[in-house]
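Down below is the structure, laid out as structure tokens.
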Amino acid sequence: KNQVEQSPQSLIILEGKNCTLQCNYTVSPFSNLRWYKQDTGRGPVSLTIMTFSENTKSNGRYTATLDADTKQSSLHITASQLSDSASYICVVRNTGTASKLTFGTGTRLQVTL
Amino acid sequence: KAGVTQTPRYLIKTRGQQVTLSCSPISGHRSVSWYQQTPGQGLQFLFEYFSETQRNKGNFPGRFSGRQFSNSRSEMNVSTLELGDSALYLCASSLAGTSGANTGELFFGEGSRLTVL
């Protein structure tokens with residue numbers, strides 16, 4: 001069964017600090033993996049997309065990594081800001097005619113002063 | 001370019017009633033997919049429409065239905081509402097859809113927050 005697990009469920013960090021969010025998946029065969037940011041009461045917004053051949057991709061202070069062998073991805077946030085407070089959702093797509101998206105339950109990040 | 005528009009943003013219903021939610025995709029996008037989001041459950045896929053045809057369906061009871069019009073706008077309907085239907089309902093549009101060989105990015109609307117009393 002295709003599954004995406006994210007950890008931690010929630011995280012509180014001080015402004016200016018770095019943090020790393022984890023995503024482990026069992027989706028197979030793998031097509032791509034996306035990280036979305038969802039502000040409270042808003043719709044998710046795509047941060048990065050990674051395909052099988054990509055190990056790392058950055059979007060400003062957000063850097064995603066992918067290890068297709070261990071089926072793990074991480075999202076690293078550098079020099080966190082209050083506006084980074086949100087839920088971060090990992091979404092994995094499998095390949096083939098039955099290609100589907102599998103969603104993680106997200107990590108809730110709170111950045112405080 | 002206007003984003004995905006969902007209406008209404010908030011609504012309150014009572015058990016047994018029915019509700020219709022609307023989604024206008026980004027201009028040019030032919031795929032619309034719907035998701036239910038509840039705390040702790042994450043995003044649960046409801047269904048996807050592409051060119052007025054339901055292309056994919058999640059594991060929800062028949063009380064949940066949808067349709068897509070020729071202009072790609074979509075509606076979803078929930079009949080005989082239950083307390084457990086209280087959730088944020090998100091609509092997403094993409095050029096190519098969520099299934100098949102294409103890997104189109106999903107663009108989400110702001111959601112419709114449904115509360116069932």
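Chain lettering (A, B, ...) mirrors the order of the structure tokens, residue numbering begins at 1 for each chain separately, and ligand numbering begins at 1 in order of display.
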- Once you count only C-alpha atoms, which residues of chain A turn out to be within 12 Å of chain B? Could you give them as a PyMOL selection string? chain A and resi 4-6+9-10+30-51+87-108
Would you save the residues from that selection as a compact mmCIF listing (two decimals), in the first residue's frame, using C-alpha atoms?
# COMPACT_ATOMS: atom_id res chain seq x y z
CA VAL A 4 3.67 8.80 3.03
CA GLU A 5 4.72 9.43 6.62
CA GLN A 6 5.94 12.75 7.90
CA GLN A 9 3.88 15.91 13.61
CA SER A 10 4.55 19.35 15.04
CA PHE A 30 8.17 6.52 -7.83
CA SER A 31 7.55 9.45 -10.16
CA ASN A 32 8.03 12.65 -8.19
CA LEU A 33 7.75 14.22 -4.76
CA ARG A 34 6.44 17.66 -3.88
CA TRP A 35 6.56 19.74 -0.75
CA TYR A 36 3.65 22.08 -0.14
CA LYS A 37 3.29 24.87 2.41
CA GLN A 38 -0.15 25.49 3.83
CA ASP A 39 -0.83 28.58 5.90
CA THR A 40 -3.66 28.31 8.40
CA GLY A 41 -7.01 28.62 6.66
CA ARG A 42 -5.42 28.79 3.21
CA GLY A 43 -4.83 26.34 0.40
CA PRO A 44 -1.46 24.56 0.00
CA VAL A 45 1.18 26.17 -2.20
CA SER A 46 3.92 24.19 -3.94
CA LEU A 47 7.48 24.80 -2.68
CA THR A 48 9.52 22.27 -4.65
CA ILE A 49 9.17 19.25 -6.88
CA MET A 50 11.78 16.53 -7.10
CA THR A 51 12.10 13.73 -9.61
CA SER A 87 1.86 23.10 7.80
CA TYR A 88 4.24 21.43 5.39
CA ILE A 89 2.82 18.59 3.34
CA CYS A 90 4.76 15.96 1.43
CA VAL A 91 3.02 14.53 -1.65
CA VAL A 92 4.36 11.62 -3.69
CA ARG A 93 3.23 10.54 -7.14
CA ASN A 94 3.66 7.05 -8.56
CA THR A 95 4.15 6.35 -12.26
CA GLY A 96 2.07 4.40 -14.73
CA THR A 97 -1.45 4.54 -16.08
CA ALA A 98 -2.75 4.33 -12.54
CA SER A 99 -0.61 7.26 -11.45
CA LYS A 100 -1.94 8.74 -8.24
CA LEU A 101 -0.94 11.17 -5.54
CA THR A 102 -0.36 10.04 -1.97
CA PHE A 103 -0.45 12.76 0.69
CA GLY A 104 1.34 12.89 4.01
CA THR A 105 -0.53 14.26 7.02
CA GLY A 106 1.87 17.17 7.31
CA THR A 107 4.17 18.73 9.86
CA ARG A 108 2.84 21.72 11.74
- Taking the DSSP assignment computed from this structure's backbone, write out as an MDAnalysis selection string all residues of stretch 36-112 of chain A that belong to strand (DSSP E or B). chainID A and resid 36:38 45:51 56:59 62:67 72:77 86:94 101:103 107:112
Would you mind exporting the chosen residues as a short mmCIF file (atom, residue, chain, number, x, y, z; two decimals), in the first residue's frame, restricted to N, CA and C atoms?
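New file selection_36.cif:
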data_model
loop_
_atom_site.label_atom_id
_atom_site.label_comp_id
_atom_site.auth_asym_id
_atom_site.auth_seq_id
_atom_site.Cartn_x
_atom_site.Cartn_y
_atom_site.Cartn_z
N TYR A 36 4.58 20.96 -0.12
CA TYR A 36 3.65 22.08 -0.14
C TYR A 36 3.68 22.78 1.22
N LYS A 37 3.45 24.09 1.19
CA LYS A 37 3.29 24.87 2.41
C LYS A 37 1.85 25.31 2.49
N GLN A 38 1.24 25.09 3.65
CA GLN A 38 -0.15 25.49 3.83
C GLN A 38 -0.28 26.39 5.05
N VAL A 45 0.43 25.57 -1.10
CA VAL A 45 1.18 26.17 -2.20
C VAL A 45 2.45 25.36 -2.40
N SER A 46 2.75 25.03 -3.65
CA SER A 46 3.92 24.19 -3.94
C SER A 46 5.22 24.93 -3.64
N LEU A 47 6.16 24.25 -2.97
CA LEU A 47 7.48 24.80 -2.68
C LEU A 47 8.51 24.24 -3.66
N THR A 48 8.55 22.92 -3.77
CA THR A 48 9.52 22.27 -4.65
C THR A 48 8.92 20.98 -5.21
N ILE A 49 9.47 20.57 -6.34
CA ILE A 49 9.17 19.25 -6.88
C ILE A 49 10.49 18.56 -7.19
N MET A 50 10.56 17.26 -6.86
CA MET A 50 11.78 16.53 -7.10
C MET A 50 11.47 15.23 -7.83
N THR A 51 12.24 14.97 -8.87
CA THR A 51 12.10 13.73 -9.61
C THR A 51 13.18 12.75 -9.18
N THR A 56 18.80 17.27 -4.64
CA THR A 56 18.53 18.45 -3.85
C THR A 56 18.00 19.57 -4.73
N LYS A 57 17.11 20.37 -4.15
CA LYS A 57 16.54 21.51 -4.87
C LYS A 57 16.20 22.60 -3.87
N SER A 58 16.53 23.82 -4.24
CA SER A 58 16.30 24.93 -3.31
C SER A 58 15.28 25.91 -3.85
N ASN A 59 14.58 26.55 -2.94
CA ASN A 59 13.62 27.60 -3.25
C ASN A 59 13.77 28.64 -2.15
N TYR A 62 14.26 27.53 1.54
CA TYR A 62 13.79 26.13 1.60
C TYR A 62 14.68 25.26 0.71
N THR A 63 15.19 24.18 1.26
CA THR A 63 15.99 23.22 0.50
C THR A 63 15.44 21.82 0.73
N ALA A 64 15.06 21.18 -0.36
CA ALA A 64 14.55 19.81 -0.27
C ALA A 64 15.61 18.85 -0.75
N THR A 65 15.69 17.70 -0.10
CA THR A 65 16.59 16.64 -0.53
C THR A 65 15.78 15.38 -0.78
N LEU A 66 16.31 14.52 -1.62
CA LEU A 66 15.64 13.27 -1.93
C LEU A 66 16.66 12.15 -2.01
N ASP A 67 16.38 11.07 -1.29
CA ASP A 67 17.18 9.85 -1.40
C ASP A 67 16.22 8.76 -1.89
N GLN A 72 13.41 8.49 1.17
CA GLN A 72 13.29 9.54 2.17
C GLN A 72 13.52 10.90 1.53
N SER A 73 12.79 11.88 2.04
CA SER A 73 12.99 13.25 1.61
C SER A 73 13.00 14.13 2.86
N SER A 74 13.70 15.24 2.77
CA SER A 74 13.69 16.19 3.87
C SER A 74 13.51 17.59 3.32
N LEU A 75 12.94 18.44 4.14
CA LEU A 75 12.79 19.85 3.80
C LEU A 75 13.51 20.65 4.88
N HIS A 76 14.55 21.36 4.48
CA HIS A 76 15.34 22.13 5.43
C HIS A 76 14.98 23.61 5.28
N ILE A 77 14.67 24.23 6.40
CA ILE A 77 14.35 25.66 6.40
C ILE A 77 15.47 26.39 7.12
N ALA A 86 3.44 27.34 9.53
CA ALA A 86 2.50 26.74 8.59
C ALA A 86 2.58 25.23 8.71
N SER A 87 1.74 24.55 7.94
CA SER A 87 1.86 23.10 7.80
C SER A 87 2.60 22.80 6.51
N TYR A 88 3.46 21.81 6.56
CA TYR A 88 4.24 21.43 5.39
C TYR A 88 3.85 20.00 5.01
N ILE A 89 3.38 19.86 3.79
CA ILE A 89 2.82 18.59 3.34
C ILE A 89 3.68 17.98 2.25
N CYS A 90 3.99 16.71 2.41
CA CYS A 90 4.76 15.96 1.43
C CYS A 90 3.79 15.15 0.58
N VAL A 91 3.93 15.22 -0.73
CA VAL A 91 3.02 14.53 -1.65
C VAL A 91 3.86 13.74 -2.66
N VAL A 92 3.58 12.48 -2.79
CA VAL A 92 4.36 11.62 -3.69
C VAL A 92 3.46 11.05 -4.78
N ARG A 93 3.96 11.09 -5.99
CA ARG A 93 3.23 10.54 -7.14
C ARG A 93 3.91 9.25 -7.60
N ASN A 94 3.10 8.26 -7.96
CA ASN A 94 3.66 7.05 -8.56
C ASN A 94 3.49 7.14 -10.08
N LEU A 101 -1.65 10.41 -6.56
CA LEU A 101 -0.94 11.17 -5.54
C LEU A 101 -1.24 10.58 -4.17
N THR A 102 -0.21 10.47 -3.35
CA THR A 102 -0.36 10.04 -1.97
C THR A 102 0.12 11.18 -1.07
N PHE A 103 -0.74 11.61 -0.15
CA PHE A 103 -0.45 12.76 0.69
C PHE A 103 0.01 12.33 2.08
N THR A 107 3.48 18.30 8.64
CA THR A 107 4.17 18.73 9.86
C THR A 107 3.75 20.16 10.14
N ARG A 108 3.27 20.39 11.34
CA ARG A 108 2.84 21.72 11.74
C ARG A 108 4.03 22.44 12.38
N LEU A 109 4.53 23.50 11.72
CA LEU A 109 5.67 24.26 12.22
C LEU A 109 5.21 25.59 12.81
N GLN A 110 5.68 25.88 14.01
CA GLN A 110 5.41 27.18 14.61
C GLN A 110 6.74 27.85 14.92
N VAL A 111 6.92 29.05 14.38
CA VAL A 111 8.12 29.84 14.63
C VAL A 111 7.76 30.94 15.61
N THR A 112 8.51 31.01 16.71
CA THR A 112 8.18 32.00 17.76
C THR A 112 9.35 32.96 18.00
#
- Task: Measuring atom to atom with only C-alpha atoms, identify which of B:Thr115, B:Phe64, B:Leu95, B:Gln36 is nearest to B:Thr20.
- Result: B:Phe64
When you look at B:Gly66 with a cut-off of 8 Å (counting only C-alpha atoms), what residues show up, excluding the ones that are within fewer than 4 positions of it in the same chain? I need them as an mmCIF file with all heavy atoms, in the first residue's frame.
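So out-v8.cif came out as:
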data_model
loop_
_atom_site.group_PDB
_atom_site.id
_atom_site.type_symbol
_atom_site.label_atom_id
_atom_site.label_comp_id
_atom_site.auth_asym_id
_atom_site.auth_seq_id
_atom_site.Cartn_x
_atom_site.Cartn_y
_atom_site.Cartn_z
ATOM 1 N N PHE B 47 -12.383 13.190 -5.495
ATOM 2 C CA PHE B 47 -12.502 12.817 -6.903
ATOM 3 C C PHE B 47 -11.809 13.839 -7.786
ATOM 4 O O PHE B 47 -11.477 14.931 -7.358
ATOM 5 C CB PHE B 47 -13.968 12.646 -7.357
ATOM 6 C CG PHE B 47 -14.973 13.455 -6.596
ATOM 7 C CD1 PHE B 47 -14.984 14.830 -6.645
ATOM 8 C CD2 PHE B 47 -15.939 12.818 -5.823
ATOM 9 C CE1 PHE B 47 -15.908 15.570 -5.944
ATOM 10 C CE2 PHE B 47 -16.876 13.547 -5.109
ATOM 11 C CZ PHE B 47 -16.860 14.923 -5.170
ATOM 12 N N SER B 74 -16.259 23.422 -11.552
ATOM 13 C CA SER B 74 -16.707 22.170 -10.944
ATOM 14 C C SER B 74 -17.511 22.447 -9.684
ATOM 15 O O SER B 74 -17.347 23.485 -9.029
ATOM 16 C CB SER B 74 -15.494 21.292 -10.598
ATOM 17 O OG SER B 74 -15.892 20.094 -9.938
ATOM 18 N N GLU B 75 -18.391 21.538 -9.384
ATOM 19 C CA GLU B 75 -19.148 21.581 -8.134
ATOM 20 C C GLU B 75 -19.052 20.232 -7.451
ATOM 21 O O GLU B 75 -18.935 19.195 -8.107
ATOM 22 C CB GLU B 75 -20.637 21.883 -8.418
ATOM 23 C CG GLU B 75 -20.938 23.295 -8.856
ATOM 24 C CD GLU B 75 -22.428 23.520 -9.081
ATOM 25 O OE1 GLU B 75 -23.189 22.525 -9.118
ATOM 26 O OE2 GLU B 75 -22.826 24.686 -9.232
ATOM 27 N N MET B 76 -19.078 20.275 -6.122
ATOM 28 C CA MET B 76 -19.223 19.028 -5.385
ATOM 29 C C MET B 76 -20.416 19.172 -4.448
ATOM 30 O O MET B 76 -20.727 20.271 -3.976
ATOM 31 C CB MET B 76 -17.962 18.650 -4.612
ATOM 32 C CG MET B 76 -17.601 19.518 -3.446
ATOM 33 S SD MET B 76 -16.454 18.668 -2.315
ATOM 34 C CE MET B 76 -17.558 17.584 -1.429
ATOM 35 N N ASN B 77 -21.087 18.078 -4.248
ATOM 36 C CA ASN B 77 -22.300 18.060 -3.444
ATOM 37 C C ASN B 77 -22.173 17.004 -2.359
ATOM 38 O O ASN B 77 -21.667 15.905 -2.618
ATOM 39 C CB ASN B 77 -23.511 17.776 -4.339
ATOM 40 C CG ASN B 77 -24.815 17.846 -3.578
ATOM 41 O OD1 ASN B 77 -25.211 16.879 -2.937
ATOM 42 N ND2 ASN B 77 -25.470 18.985 -3.627
#
